[in-house]
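Novice: I'm passing along data.cif; it holds mmCIF, C-alpha atoms and all ligand atoms.
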```
data_query
#
loop_
_atom_site.label_atom_id
_atom_site.label_comp_id
_atom_site.auth_asym_id
_atom_site.auth_seq_id
_atom_site.Cartn_x
_atom_site.Cartn_y
_atom_site.Cartn_z
CA MET A 1 -9.00 -26.53 -6.80
CA THR A 2 -8.74 -26.39 -10.57
CA VAL A 3 -8.10 -23.37 -12.72
CA GLU A 4 -11.83 -23.36 -13.56
CA ASP A 5 -12.67 -22.90 -9.88
CA VAL A 6 -10.84 -19.60 -9.73
CA ARG A 7 -13.51 -16.96 -9.94
CA VAL A 8 -12.57 -14.19 -12.31
CA LEU A 9 -14.39 -10.93 -11.82
CA ASP A 10 -15.91 -9.54 -14.97
CA SER A 11 -18.04 -6.52 -15.58
CA ASP A 12 -21.27 -8.53 -15.21
CA GLU A 13 -20.73 -9.38 -11.60
CA ALA A 14 -18.87 -6.21 -10.71
CA THR A 15 -20.82 -3.06 -10.14
CA GLY A 16 -19.25 0.17 -11.34
CA HIS A 17 -15.50 0.02 -10.62
CA GLY A 18 -15.56 -3.62 -9.49
CA GLY A 19 -18.05 -3.19 -6.66
CA ARG A 20 -17.90 -6.78 -5.49
CA ALA A 21 -14.09 -6.85 -5.30
CA ILE A 22 -14.17 -3.66 -3.26
CA ALA A 23 -16.92 -4.97 -0.97
CA GLU A 24 -14.96 -8.18 -0.31
CA MET A 25 -11.85 -6.16 0.44
CA GLU A 26 -13.80 -3.95 2.84
CA ALA A 27 -15.26 -6.95 4.63
CA HIS A 28 -12.31 -9.34 4.73
CA ALA A 29 -9.01 -7.54 4.22
CA ALA A 30 -7.39 -5.36 6.87
CA HIS A 31 -7.77 -1.66 6.18
CA ASN A 32 -4.08 -0.81 6.23
CA TYR A 33 -4.40 1.13 2.97
CA HIS A 34 -7.03 3.50 1.61
CA PRO A 35 -7.09 2.47 -2.06
CA LEU A 36 -8.70 4.50 -4.80
CA PRO A 37 -12.07 3.05 -5.88
CA VAL A 38 -10.74 1.29 -8.96
CA VAL A 39 -10.19 -2.45 -9.43
CA LEU A 40 -7.33 -3.11 -11.79
CA ALA A 41 -7.31 -6.32 -13.75
CA GLN A 42 -4.41 -6.05 -16.16
CA GLY A 43 -1.65 -3.81 -17.39
CA GLU A 44 0.68 -3.28 -20.28
CA GLY A 45 3.60 -0.88 -20.40
CA ALA A 46 2.62 2.38 -18.73
CA TRP A 47 -1.10 1.58 -18.89
CA VAL A 48 -3.45 -0.38 -16.64
CA GLU A 49 -7.02 -1.48 -17.23
CA ASP A 50 -9.83 -1.96 -14.71
CA VAL A 51 -12.41 -4.75 -14.57
CA ASP A 52 -14.72 -2.71 -16.80
CA GLY A 53 -12.07 -2.26 -19.48
CA ARG A 54 -11.32 1.41 -18.67
CA ARG A 55 -7.68 2.37 -19.27
CA TYR A 56 -5.55 4.54 -17.03
CA LEU A 57 -2.07 5.98 -17.39
CA ASP A 58 -0.13 4.62 -14.42
CA MET A 59 1.74 7.57 -12.93
CA LEU A 60 2.73 5.70 -9.75
CA ALA A 61 4.08 2.35 -11.07
CA GLY A 62 3.63 0.35 -7.88
CA TYR A 63 5.15 3.08 -5.68
CA SER A 64 8.14 3.42 -8.04
CA ALA A 65 8.71 -0.34 -8.37
CA LEU A 66 7.56 -1.12 -11.91
CA ASN A 67 10.40 0.62 -13.67
CA PHE A 68 9.85 -1.22 -16.93
CA GLY A 69 6.09 -1.04 -16.65
CA HIS A 70 3.59 -3.84 -16.69
CA ARG A 71 4.36 -7.12 -18.44
CA HIS A 72 7.66 -6.08 -20.03
CA PRO A 73 8.22 -8.83 -22.64
CA ARG A 74 11.82 -9.59 -21.63
CA LEU A 75 10.94 -9.78 -17.96
CA VAL A 76 7.90 -11.96 -18.61
CA ALA A 77 9.95 -14.31 -20.82
CA ALA A 78 12.79 -14.53 -18.28
CA ALA A 79 10.41 -15.20 -15.38
CA GLU A 80 8.48 -17.82 -17.35
CA ARG A 81 11.69 -19.59 -18.27
CA GLN A 82 12.87 -19.57 -14.68
CA LEU A 83 9.46 -20.75 -13.38
CA GLY A 84 9.97 -23.80 -15.55
CA ARG A 85 13.45 -24.50 -14.17
CA LEU A 86 13.87 -23.69 -10.47
CA THR A 87 12.19 -21.19 -8.15
CA LEU A 88 13.40 -21.75 -4.60
CA THR A 89 16.38 -23.52 -3.10
CA SER A 90 16.74 -21.73 0.26
CA ARG A 91 20.23 -20.63 1.17
CA ALA A 92 21.01 -24.08 2.55
CA PHE A 93 22.25 -24.73 -1.01
CA HIS A 94 23.80 -22.67 -3.77
CA ASN A 95 21.80 -21.88 -6.88
CA ASP A 96 23.19 -21.09 -10.29
CA LEU A 97 21.97 -17.45 -10.44
CA LEU A 98 22.51 -15.70 -7.11
CA GLY A 99 26.28 -15.41 -7.51
CA THR A 100 26.04 -13.79 -10.95
CA PHE A 101 23.33 -11.44 -9.73
CA ALA A 102 25.40 -10.51 -6.65
CA ALA A 103 28.49 -9.85 -8.76
CA GLU A 104 26.61 -7.63 -11.25
CA LEU A 105 24.66 -5.60 -8.72
CA SER A 106 27.63 -4.95 -6.45
CA ALA A 107 29.82 -3.93 -9.40
CA LEU A 108 27.19 -1.49 -10.72
CA CYS A 109 27.13 0.20 -7.32
CA GLY A 110 30.87 0.05 -6.66
CA MET A 111 30.33 -2.14 -3.58
CA ASP A 112 31.80 -5.53 -2.67
CA THR A 113 28.88 -7.71 -1.62
CA ILE A 114 25.13 -7.97 -1.46
CA LEU A 115 22.91 -9.58 1.15
CA PRO A 116 19.66 -10.44 -0.65
CA MET A 117 16.27 -10.09 1.03
CA ASN A 118 12.72 -9.64 -0.26
CA THR A 119 11.53 -6.11 0.48
CA GLY A 120 12.82 -2.64 1.18
CA ALA A 121 12.08 -2.83 4.89
CA GLU A 122 14.00 -6.11 5.15
CA ALA A 123 16.97 -4.59 3.36
CA VAL A 124 16.88 -1.71 5.84
CA GLU A 125 16.64 -4.08 8.83
CA THR A 126 19.63 -5.96 7.42
CA ALA A 127 21.68 -2.78 7.17
CA ILE A 128 20.79 -1.81 10.75
CA LYS A 129 22.21 -5.12 11.93
CA MET A 130 25.34 -4.76 9.77
CA ALA A 131 25.97 -1.20 10.95
CA ARG A 132 25.60 -2.16 14.61
CA LYS A 133 27.80 -5.25 14.22
CA TRP A 134 30.44 -3.11 12.52
CA GLY A 135 30.18 -0.54 15.31
CA TYR A 136 30.81 -3.08 18.04
CA GLN A 137 33.41 -5.25 16.31
CA ALA A 138 35.31 -2.83 14.07
CA LYS A 139 34.80 0.62 15.61
CA GLY A 140 34.89 -0.56 19.23
CA VAL A 141 31.63 1.02 20.44
CA ALA A 142 30.62 -0.32 23.87
CA GLU A 143 27.95 -3.04 23.59
CA GLY A 144 24.42 -1.62 23.50
CA ARG A 145 25.46 1.98 22.83
CA ALA A 146 25.47 2.13 19.00
CA ARG A 147 23.61 5.11 17.52
CA ILE A 148 22.39 5.53 13.97
CA ILE A 149 21.58 9.05 12.78
CA VAL A 150 18.37 9.43 10.75
CA PHE A 151 16.52 12.44 9.34
CA GLY A 152 13.29 14.36 9.81
CA GLY A 153 10.68 13.23 7.26
CA ASN A 154 12.41 9.88 6.73
CA PHE A 155 10.66 6.82 5.34
CA HIS A 156 12.39 3.44 5.44
CA GLY A 157 9.58 0.91 5.88
CA ARG A 158 7.08 -0.39 8.39
CA THR A 159 8.75 -2.79 10.81
CA THR A 160 8.62 -1.99 14.52
CA THR A 161 12.29 -0.95 14.60
CA ILE A 162 11.99 1.24 11.50
CA ILE A 163 8.85 3.04 12.66
CA SER A 164 10.63 3.66 15.97
CA PHE A 165 12.65 6.40 14.24
CA SER A 166 9.87 7.76 12.02
CA ASP A 167 8.43 11.21 12.78
CA ASP A 168 5.11 10.37 11.12
CA PRO A 169 2.57 9.93 13.95
CA GLY A 170 0.33 7.78 11.72
CA ALA A 171 3.12 5.29 11.11
CA ARG A 172 4.32 5.26 14.72
CA ALA A 173 1.62 5.96 17.27
CA GLY A 174 0.35 3.00 19.26
CA PHE A 175 3.06 0.56 18.18
CA GLY A 176 5.55 1.04 21.01
CA PRO A 177 7.67 0.18 22.90
CA TYR A 178 10.09 1.59 20.38
CA THR A 179 13.58 0.40 19.48
CA PRO A 180 16.25 2.73 20.90
CA GLY A 181 19.52 3.68 19.23
CA PHE A 182 18.40 6.27 16.66
CA VAL A 183 18.87 10.03 16.65
CA ARG A 184 16.93 12.26 14.25
CA VAL A 185 18.30 15.49 12.77
CA PRO A 186 16.84 17.90 10.15
CA TYR A 187 17.16 16.70 6.55
CA GLY A 188 19.37 18.70 4.21
CA ASP A 189 21.32 20.47 6.96
CA ALA A 190 24.99 19.37 6.89
CA ALA A 191 25.89 21.48 9.95
CA ALA A 192 23.16 19.78 12.01
CA LEU A 193 24.47 16.40 10.91
CA ALA A 194 28.05 17.27 11.84
CA ALA A 195 26.90 18.51 15.26
CA ALA A 196 25.02 15.27 15.97
CA MET A 197 27.99 12.94 15.38
CA ASP A 198 29.63 11.36 18.43
CA GLU A 199 31.90 8.43 19.23
CA ASP A 200 28.96 6.02 19.49
CA THR A 201 27.61 6.95 16.04
CA VAL A 202 28.00 3.89 13.82
CA ALA A 203 26.09 5.06 10.75
CA VAL A 204 24.16 7.85 9.06
CA LEU A 205 21.06 6.62 7.22
CA LEU A 206 20.14 8.96 4.39
CA GLU A 207 17.67 8.99 1.49
CA PRO A 208 19.34 10.80 -1.47
CA ILE A 209 15.87 12.19 -2.26
CA GLN A 210 13.04 11.78 0.26
CA GLY A 211 10.37 10.11 -1.85
CA GLU A 212 7.58 9.39 0.62
CA ALA A 213 7.96 12.86 2.14
CA GLY A 214 6.88 14.27 -1.22
CA VAL A 215 10.09 14.20 -3.29
CA ILE A 216 12.30 16.45 -1.18
CA VAL A 217 15.65 17.10 -2.88
CA PRO A 218 18.56 18.32 -0.75
CA ALA A 219 20.99 20.95 -2.10
CA ASP A 220 23.77 19.79 -4.43
CA GLY A 221 26.78 18.68 -2.44
CA TYR A 222 24.78 17.45 0.56
CA LEU A 223 25.61 13.77 -0.02
CA ALA A 224 29.28 14.62 -0.50
CA ALA A 225 29.16 16.59 2.75
CA ALA A 226 27.59 13.60 4.51
CA ARG A 227 30.38 11.41 3.10
CA GLU A 228 33.03 13.79 4.42
CA ILE A 229 31.39 14.09 7.86
CA THR A 230 30.93 10.32 8.30
CA SER A 231 34.50 9.58 7.16
CA ARG A 232 35.87 12.21 9.52
CA HIS A 233 33.98 10.71 12.47
CA GLY A 234 34.68 7.09 11.58
CA ALA A 235 31.04 6.22 10.88
CA LEU A 236 29.38 4.41 7.98
CA LEU A 237 27.49 6.34 5.32
CA TRP A 238 24.39 4.33 4.48
CA LEU A 239 22.25 5.48 1.58
CA ASP A 240 18.72 4.12 1.28
CA GLU A 241 18.14 3.94 -2.47
CA VAL A 242 15.05 1.76 -2.23
CA GLN A 243 13.03 4.47 -4.01
CA THR A 244 15.70 6.42 -5.88
CA GLY A 245 17.86 3.54 -7.14
CA ILE A 246 17.79 1.34 -10.25
CA GLY A 247 17.26 4.23 -12.66
CA ARG A 248 14.34 5.99 -10.99
CA SER A 249 16.14 9.33 -10.65
CA GLY A 250 17.94 8.96 -13.98
CA ALA A 251 21.14 7.26 -12.77
CA TRP A 252 21.82 3.68 -11.72
CA PHE A 253 22.00 4.99 -8.15
CA ASP A 254 21.19 8.58 -7.32
CA HIS A 255 24.31 9.09 -5.18
CA GLN A 256 26.58 8.38 -8.17
CA ARG A 257 25.84 11.94 -9.37
CA GLU A 258 27.99 13.27 -6.55
CA GLY A 259 30.78 10.81 -7.23
CA ILE A 260 30.80 9.39 -3.72
CA VAL A 261 31.13 5.81 -2.52
CA PRO A 262 28.97 4.96 0.49
CA ASP A 263 29.57 2.07 2.91
CA LEU A 264 26.08 0.61 2.80
CA VAL A 265 23.31 0.91 0.19
CA THR A 266 19.81 -0.51 0.46
CA VAL A 267 17.78 -1.27 -2.67
CA ALA A 268 14.45 -2.94 -3.48
CA LYS A 269 11.39 -1.75 -5.48
CA GLY A 270 12.69 -1.40 -9.08
CA LEU A 271 15.31 -4.11 -8.60
CA GLY A 272 12.80 -6.84 -9.46
CA ASN A 273 10.41 -4.67 -11.50
CA GLY A 274 7.55 -5.70 -9.26
CA PHE A 275 8.93 -9.06 -8.28
CA PRO A 276 9.65 -8.87 -4.52
CA ILE A 277 13.36 -8.48 -3.91
CA GLY A 278 15.51 -6.24 -1.78
CA ALA A 279 19.20 -6.18 -0.95
CA CYS A 280 21.73 -4.61 1.34
CA LEU A 281 24.96 -3.76 -0.47
CA ALA A 282 28.09 -3.37 1.59
CA THR A 283 31.79 -2.85 1.41
CA GLY A 284 33.91 -5.81 2.48
CA ALA A 285 34.84 -4.63 5.95
CA THR A 286 31.19 -4.28 6.94
CA ALA A 287 29.82 -7.34 5.19
CA ASP A 288 32.57 -9.70 6.37
CA LEU A 289 31.31 -9.40 9.94
CA ILE A 290 28.06 -11.20 9.06
CA GLN A 291 28.67 -14.90 9.59
CA PRO A 292 26.45 -17.98 9.15
CA GLY A 293 23.56 -18.01 11.58
CA MET A 294 23.46 -14.25 12.15
CA HIS A 295 20.91 -13.28 9.50
CA GLY A 296 18.80 -14.83 6.76
CA SER A 297 15.51 -15.30 4.98
CA THR A 298 13.77 -18.34 3.47
CA PHE A 299 13.09 -16.51 0.22
CA GLY A 300 16.03 -14.08 0.08
CA GLY A 301 18.24 -14.75 -2.94
CA ASN A 302 15.89 -17.27 -4.54
CA PRO A 303 16.57 -18.11 -8.19
CA LEU A 304 13.31 -16.63 -9.49
CA ALA A 305 13.97 -13.25 -7.85
CA SER A 306 17.61 -13.40 -8.93
CA ARG A 307 16.52 -14.03 -12.52
CA ALA A 308 14.08 -11.10 -12.40
CA ALA A 309 16.75 -8.78 -11.00
CA LEU A 310 19.43 -9.97 -13.42
CA THR A 311 17.08 -9.23 -16.29
CA VAL A 312 16.40 -5.75 -14.92
CA LEU A 313 20.14 -5.09 -14.60
CA GLY A 314 20.58 -6.19 -18.20
CA ILE A 315 18.05 -3.80 -19.73
CA LEU A 316 18.28 -0.54 -17.76
CA GLU A 317 21.45 1.10 -19.09
CA PRO A 318 20.20 2.20 -22.56
CA LEU A 319 17.10 3.72 -20.95
CA LEU A 320 18.94 6.19 -18.69
CA PRO A 321 19.18 9.10 -21.19
CA GLN A 322 15.47 8.77 -21.99
CA ILE A 323 14.53 8.79 -18.27
CA ASN A 324 16.32 12.12 -17.82
CA ALA A 325 14.95 13.64 -21.03
CA VAL A 326 11.33 12.61 -20.42
CA GLY A 327 11.51 13.61 -16.75
CA ASP A 328 12.95 17.05 -17.57
CA GLN A 329 10.32 17.57 -20.27
CA LEU A 330 7.52 16.62 -17.87
CA ALA A 331 8.84 19.05 -15.22
CA ALA A 332 9.17 21.84 -17.80
CA ASP A 333 5.66 21.21 -19.17
CA LEU A 334 4.06 21.25 -15.72
CA THR A 335 5.94 24.33 -14.50
CA GLY A 336 3.71 27.38 -14.71
CA LEU A 337 0.47 25.42 -15.08
CA PRO A 338 -2.43 26.36 -12.75
CA GLY A 339 -1.81 25.37 -9.14
CA VAL A 340 1.83 24.40 -9.66
CA VAL A 341 4.25 26.18 -7.31
CA ALA A 342 7.29 24.10 -8.34
CA VAL A 343 8.24 20.70 -9.70
CA HIS A 344 10.92 18.97 -7.63
CA GLY A 345 12.96 15.84 -8.27
CA ARG A 346 15.11 14.17 -10.88
CA GLY A 347 14.59 11.69 -13.66
CA LEU A 348 11.13 10.20 -13.33
CA LEU A 349 10.76 10.81 -9.60
CA ARG A 350 8.99 14.16 -9.44
CA GLY A 351 7.04 16.00 -6.76
CA VAL A 352 4.61 18.67 -7.89
CA GLN A 353 4.17 21.24 -5.14
CA LEU A 354 0.60 22.57 -5.23
CA GLU A 355 -0.58 26.07 -4.35
CA LYS A 356 -3.41 24.63 -2.25
CA PRO A 357 -3.51 21.37 -0.22
CA VAL A 358 -5.92 19.70 -2.65
CA GLY A 359 -3.79 16.61 -3.37
CA ALA A 360 -6.51 14.09 -2.48
CA ALA A 361 -9.09 15.85 -4.66
CA MET A 362 -6.53 16.04 -7.46
CA VAL A 363 -6.00 12.28 -7.24
CA ALA A 364 -9.78 11.69 -7.39
CA ALA A 365 -10.10 14.01 -10.40
CA GLY A 366 -7.17 12.21 -12.03
CA LEU A 367 -8.84 8.84 -11.64
CA GLU A 368 -12.03 10.12 -13.26
CA ALA A 369 -9.98 11.38 -16.19
CA GLY A 370 -7.93 8.18 -16.61
CA PHE A 371 -4.74 8.97 -14.66
CA ILE A 372 -3.47 7.04 -11.62
CA LEU A 373 -1.90 9.65 -9.35
CA ASN A 374 -0.57 9.76 -5.81
CA ALA A 375 -0.54 12.59 -3.28
CA ALA A 376 2.50 11.98 -1.06
CA ARG A 377 1.39 14.99 1.01
CA PRO A 378 -1.79 17.12 0.81
CA ASP A 379 0.15 19.70 -1.21
CA ARG A 380 2.47 17.33 -3.14
CA ILE A 381 1.60 15.09 -6.06
CA ARG A 382 4.28 12.42 -6.52
CA LEU A 383 4.81 11.42 -10.13
CA ALA A 384 6.70 8.14 -10.60
CA PRO A 385 5.54 6.57 -13.86
CA PRO A 386 7.25 3.53 -15.39
CA LEU A 387 10.66 4.54 -16.72
CA ILE A 388 9.68 3.33 -20.19
CA ILE A 389 7.06 6.08 -20.48
CA THR A 390 7.53 8.44 -23.43
CA SER A 391 6.87 12.16 -23.79
CA ASP A 392 4.01 11.28 -26.13
CA ASP A 393 2.38 9.17 -23.40
CA LEU A 394 2.52 12.22 -21.12
CA VAL A 395 0.97 14.77 -23.51
CA PRO A 396 -2.64 13.97 -22.47
CA PHE A 397 -1.69 14.18 -18.80
CA VAL A 398 -0.09 17.61 -19.15
CA ALA A 399 -3.04 18.78 -21.25
CA ALA A 400 -5.49 17.57 -18.59
CA TRP A 401 -3.65 19.17 -15.66
CA PRO A 402 -5.45 22.59 -15.64
CA ALA A 403 -8.88 20.92 -15.66
CA LEU A 404 -7.83 18.44 -12.95
CA TYR A 405 -6.63 21.27 -10.73
CA SER A 406 -9.77 23.36 -11.16
CA ARG A 407 -11.92 20.29 -10.47
CA ALA A 408 -9.85 19.63 -7.33
CA LEU A 409 -10.33 23.24 -6.17
CA ALA A 410 -14.09 22.99 -6.68
CA ALA A 411 -14.42 19.63 -4.85
N1 LIG B 1 13.07 2.80 2.00
C1 LIG B 1 12.57 3.75 1.20
C2 LIG B 1 13.41 4.94 0.87
C3 LIG B 1 11.28 3.63 0.67
O1 LIG B 1 10.79 4.59 -0.13
C4 LIG B 1 10.52 2.48 0.99
C5 LIG B 1 9.14 2.26 0.42
N2 LIG B 1 8.42 3.36 0.08
C6 LIG B 1 11.09 1.51 1.83
C7 LIG B 1 12.37 1.69 2.31
C8 LIG B 1 10.32 0.27 2.23
O2 LIG B 1 10.19 -0.61 1.17
P1 LIG B 1 9.13 -1.81 1.23
O3 LIG B 1 7.77 -1.21 1.09
O4 LIG B 1 9.49 -2.70 0.09
O5 LIG B 1 9.31 -2.50 2.55
#
```
Using structure tokens, write down the structure from this file.
Ligand code: PMP

Specialist:
Amino acid sequence: MTVEDVRVLDSDEATGHGGRAIAEMEAHAAHNYHPLPVVLAQGEGAWVEDVDGRRYLDMLAGYSALNFGHRHPRLVAAAERQLGRLTLTSRAFHNDLLGTFAAELSALCGMDTILPMNTGAEAVETAIKMARKWGYQAKGVAEGRARIIVFGGNFHGRTTTIISFSDDPGARAGFGPYTPGFVRVPYGDAAALAAAMDEDTVAVLLEPIQGEAGVIVPADGYLAAAREITSRHGALLWLDEVQTGIGRSGAWFDHQREGIVPDLVTVAKGLGNGFPIGACLATGATADLIQPGMHGSTFGGNPLASRAALTVLGILEPLLPQINAVGDQLAADLTGLPGVVAVHGRGLLRGVQLEKPVGAAMVAAGLEAGFILNAARPDRIRLAPPLIITSDDLVPFVAAWPALYSRALAA
């Protein structure tokens, strides 16, 4: 097949919002998502464009992954350069980038090592294995008895083991038998966590902010309490920063605000700015137990992904003050507008709690008006625009909010 053979949809053959592309998806792609009726063809910065040339402000950024927006010039240049040099070696050999990337990422998080994978769910699966291995070999838990404590409303991915400890019936029902070894306690309740610890508990798996649940922020001090409880009981504190990390909440890693050092950290999404990469970060004692043959991935740690992530790590720092300032401004501007009960979150991960459960209608109204929105829950709009967005970019969105909400109420 030549480049000429690749059929590019244009407005002539698409009907409305790319009717043909949508029809082909409906007919030939599994319906595991319910996408909005818009067919995006390109993007730049915080903006995307559909096949008919209509522009939209991207307020979701690939579920919080495109931290630097679409086609960031430094990321494009770095990826193009690497595409022309070396893309995949497998881990049967060393490559000249993975070590540097591992050293930089682990230092930024105050950890010792990284185990690179390709997605958030894979990073989480990796950490489950590390925590269990540590439990049996270092803590002395009897084989097969390791427990990991998780939280109500959690989201950590879609594998069969991960959905085994989800409390979302849509994610879980019909996919059993489920993996044992997980205990769920209420999120944000340090006393409930302390009460659930026992001698077989190897780890506590915590999201610093629950993103998929609608941007649920625990009280200040909760992470520090979890650190104290896990240390006291000789268990690992594992923070899943797949959504919150790499600047999303206004810090390199959200947990750094509480000055704690966890034992395991999982990251993905923003780490590659849209290029698939995930990693499990660990302290030496935990990571050292993973030996050759115990875990791996054909693509994990490939030079192209390492280059993308290294570039991301090299450009985030100066942006952190802006992320906090723009995020705080957005929250302040939305507070008090029609339908807004409260704006939760930090940095540019915000959850707008609505008076009425009209999230889906709000998303539809947003699309009509040129805004890509996401309702994490019927009464919660999740705002996670690219971190490079400016307050000026957001002025039209804030101005449109009252009309969007009244249209959603009328729908
Ligand atoms: N952990 C958290 C906290 C997440 O928010 C997500 C994705 N929403 C995942 C894990 C799974 O990541 P992925 O979709 O890359 O598998």

Novice: Give the residues close to ligand LIG 1 (chain B), within 9 Å, counting all atoms listed in the file; write them as number ranges by chain.

Specialist: A: 63-65, 118-124, 154-159, 206-212, 239-244, 266-269, 276-278

Novice: Please report the interatomic distance between atom CA of A:Val352 and atom CA of A:Arg382 in Å with one decimal.

Specialist: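 Separating atom CA of A:Val352 from atom CA of A:Arg382 is a distance of 6.4 Å.
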
Novice: Pick out the residues sitting within 12 Å of A:Trp134, and hand them over as an mmCIF file with C-alpha atoms, in the coordinates of the input; count all atoms listed in the file, and ignore anything fewer than 5 positions along from it in its own chain.

Specialist:
```cif
data_model
loop_
_atom_site.group_PDB
_atom_site.id
_atom_site.type_symbol
_atom_site.label_atom_id
_atom_site.label_comp_id
_atom_site.auth_asym_id
_atom_site.auth_seq_id
_atom_site.Cartn_x
_atom_site.Cartn_y
_atom_site.Cartn_z
ATOM 1 C CA ALA A 127 21.680 -2.780 7.170
ATOM 2 C CA ILE A 128 20.790 -1.810 10.750
ATOM 3 C CA LYS A 129 22.210 -5.120 11.930
ATOM 4 C CA LYS A 139 34.800 0.620 15.610
ATOM 5 C CA GLY A 140 34.890 -0.560 19.230
ATOM 6 C CA VAL A 141 31.630 1.020 20.440
ATOM 7 C CA ALA A 142 30.620 -0.320 23.870
ATOM 8 C CA GLU A 143 27.950 -3.040 23.590
ATOM 9 C CA ALA A 146 25.470 2.130 19.000
ATOM 10 C CA ARG A 147 23.610 5.110 17.520
ATOM 11 C CA ILE A 148 22.390 5.530 13.970
ATOM 12 C CA ASP A 200 28.960 6.020 19.490
ATOM 13 C CA THR A 201 27.610 6.950 16.040
ATOM 14 C CA VAL A 202 28.000 3.890 13.820
ATOM 15 C CA ALA A 203 26.090 5.060 10.750
ATOM 16 C CA GLY A 234 34.680 7.090 11.580
ATOM 17 C CA ALA A 235 31.040 6.220 10.880
ATOM 18 C CA LEU A 236 29.380 4.410 7.980
ATOM 19 C CA ASP A 263 29.570 2.070 2.910
ATOM 20 C CA LEU A 264 26.080 0.610 2.800
ATOM 21 C CA ALA A 282 28.090 -3.370 1.590
ATOM 22 C CA THR A 283 31.790 -2.850 1.410
ATOM 23 C CA GLY A 284 33.910 -5.810 2.480
ATOM 24 C CA ALA A 285 34.840 -4.630 5.950
ATOM 25 C CA THR A 286 31.190 -4.280 6.940
ATOM 26 C CA ALA A 287 29.820 -7.340 5.190
ATOM 27 C CA ASP A 288 32.570 -9.700 6.370
ATOM 28 C CA LEU A 289 31.310 -9.400 9.940
ATOM 29 C CA ILE A 290 28.060 -11.200 9.060
#
```

Novice: Considering only C-alpha atoms, return as a list in words whatever protein or nucleic-acid residues lie within 7 Å of stretch 96-106 of chain A, sequence-local ones (same chain, fewer than 4 positions apart) excluded.

Specialist: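 Once the nearby chain positions are removed, what remains is Gly110, Met111, Asp112, Thr113, Ile114, Leu281, Gly301, Pro303, Ser306, Arg307 and Leu310 of chain A.
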
Novice: Leaving out stretch 322-331 of chain A and any residue of its chain fewer than 3 positions from it, which residues lie within 10 Å of it when counting only C-alpha atoms, given as a PyMOL selection string?

Specialist: chain A and resi 247-251+318-319+334-336+342-352+383-392+394-395+397-398

Novice: Between A:Pro177, A:Val51, A:Gly144, A:Glu80, which is the closest to A:Thr160 once you count only C-alpha atoms?

Specialist: A:Pro177

Novice: What does the distance from atom CA of A:Asp50 to atom CA of A:Gly62 come to in Å, to one decimal?

Specialist: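 Taking atom CA of A:Asp50 and atom CA of A:Gly62, their separation equals 15.3 Å.
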
Novice: Write out as a tab-separated table (two decimals) with C-alpha atoms, in the coordinates of the input each polymer residue whose atoms come within 12 Å of A:Ala92, counting only C-alpha atoms; drop sequence neighbours fewer than 4 positions from it.

Specialist:
```
chain	number	residue	atom	x	y	z
A	88	LEU	CA	13.40	-21.75	-4.60
A	292	PRO	CA	26.45	-17.98	9.15
A	293	GLY	CA	23.56	-18.01	11.58
A	296	GLY	CA	18.80	-14.83	6.76
A	297	SER	CA	15.51	-15.30	4.98
A	298	THR	CA	13.77	-18.34	3.47
A	299	PHE	CA	13.09	-16.51	0.22
A	300	GLY	CA	16.03	-14.08	0.08
A	301	GLY	CA	18.24	-14.75	-2.94
A	302	ASN	CA	15.89	-17.27	-4.54
```

Novice: From the set A:Leu60, A:Ala410, A:Cys109, A:Ile315, which residue has the shortest atom-to-atom contact distance to A:Ile381, counting only C-alpha atoms?

Specialist: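 Among A:Leu60, A:Ala410, A:Cys109, A:Ile315, it is A:Leu60 that comes nearest to A:Ile381.
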
Novice: Enter the distance from atom CA of A:Gly272 to atom CA of A:Ala305, in Å, rounded to one decimal.

Specialist: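 Answer for the atom CA of A:Gly272 to atom CA of A:Ala305 separation: 6.7 Å.
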
Novice: Show me, as JSON, the centre and edge lengths in Å to one decimal of the axis-aligned box that covers every listed atom of stretch 160-176 of chain A with 5 Å on each side.

Specialist:
```
{"center_x": 6.5, "center_y": 4.6, "center_z": 16.1, "size_x": 22.3, "size_y": 23.2, "size_z": 19.9}
```

Novice: Pick from A:Asn67, A:Ala41, A:Ser406, A:Ala399: nearest to A:Trp252, with all atoms listed in the file counted?

Specialist: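 With all atoms listed in the file as the atom set, the closest residue is A:Asn67.
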
Novice: Using only C-alpha atoms, which of the listed residues (A:Ile260, A:Val358, A:Leu108, A:Ala194) sits closest to A:Leu223?

Specialist: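 So, comparing all the options, the nearest one is A:Ile260.
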
Novice: Would you please work out which residue, of A:Phe175, A:Ile149, A:Ala191, A:Glu228, is nearest to A:Val204 when using all atoms listed in the file?

Specialist: A:Ile149

Novice: Of the candidates A:Gln353, A:Thr179, A:Ser231, A:Asn32, which shows the shortest atom-to-atom distance to A:Ile216, using only C-alpha atoms?

Specialist: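 Distance minimum relative to A:Ile216 lands on A:Gln353.
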
Novice: Please provide as a list in words all residues within 12 Å of A:Pro396, with the sequence filter that same-chain residues fewer than 4 positions apart are discarded (counting only C-alpha atoms).

Specialist: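 Those residues are Tyr56, Leu57, Leu330, Asp333, Leu334, Gly366, Ala369, Gly370, Phe371, Thr390, Ser391, Asp392, Ala400, Trp401, Pro402, Ala403 and Leu404 of chain A.
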
Novice: At most 10 Å from (22.5, 18.6, -2.2), file frame, all atoms listed in the file: which residues, as a ChimeraX atom specification?

Specialist: /A:188-190,208-209,217-226,258
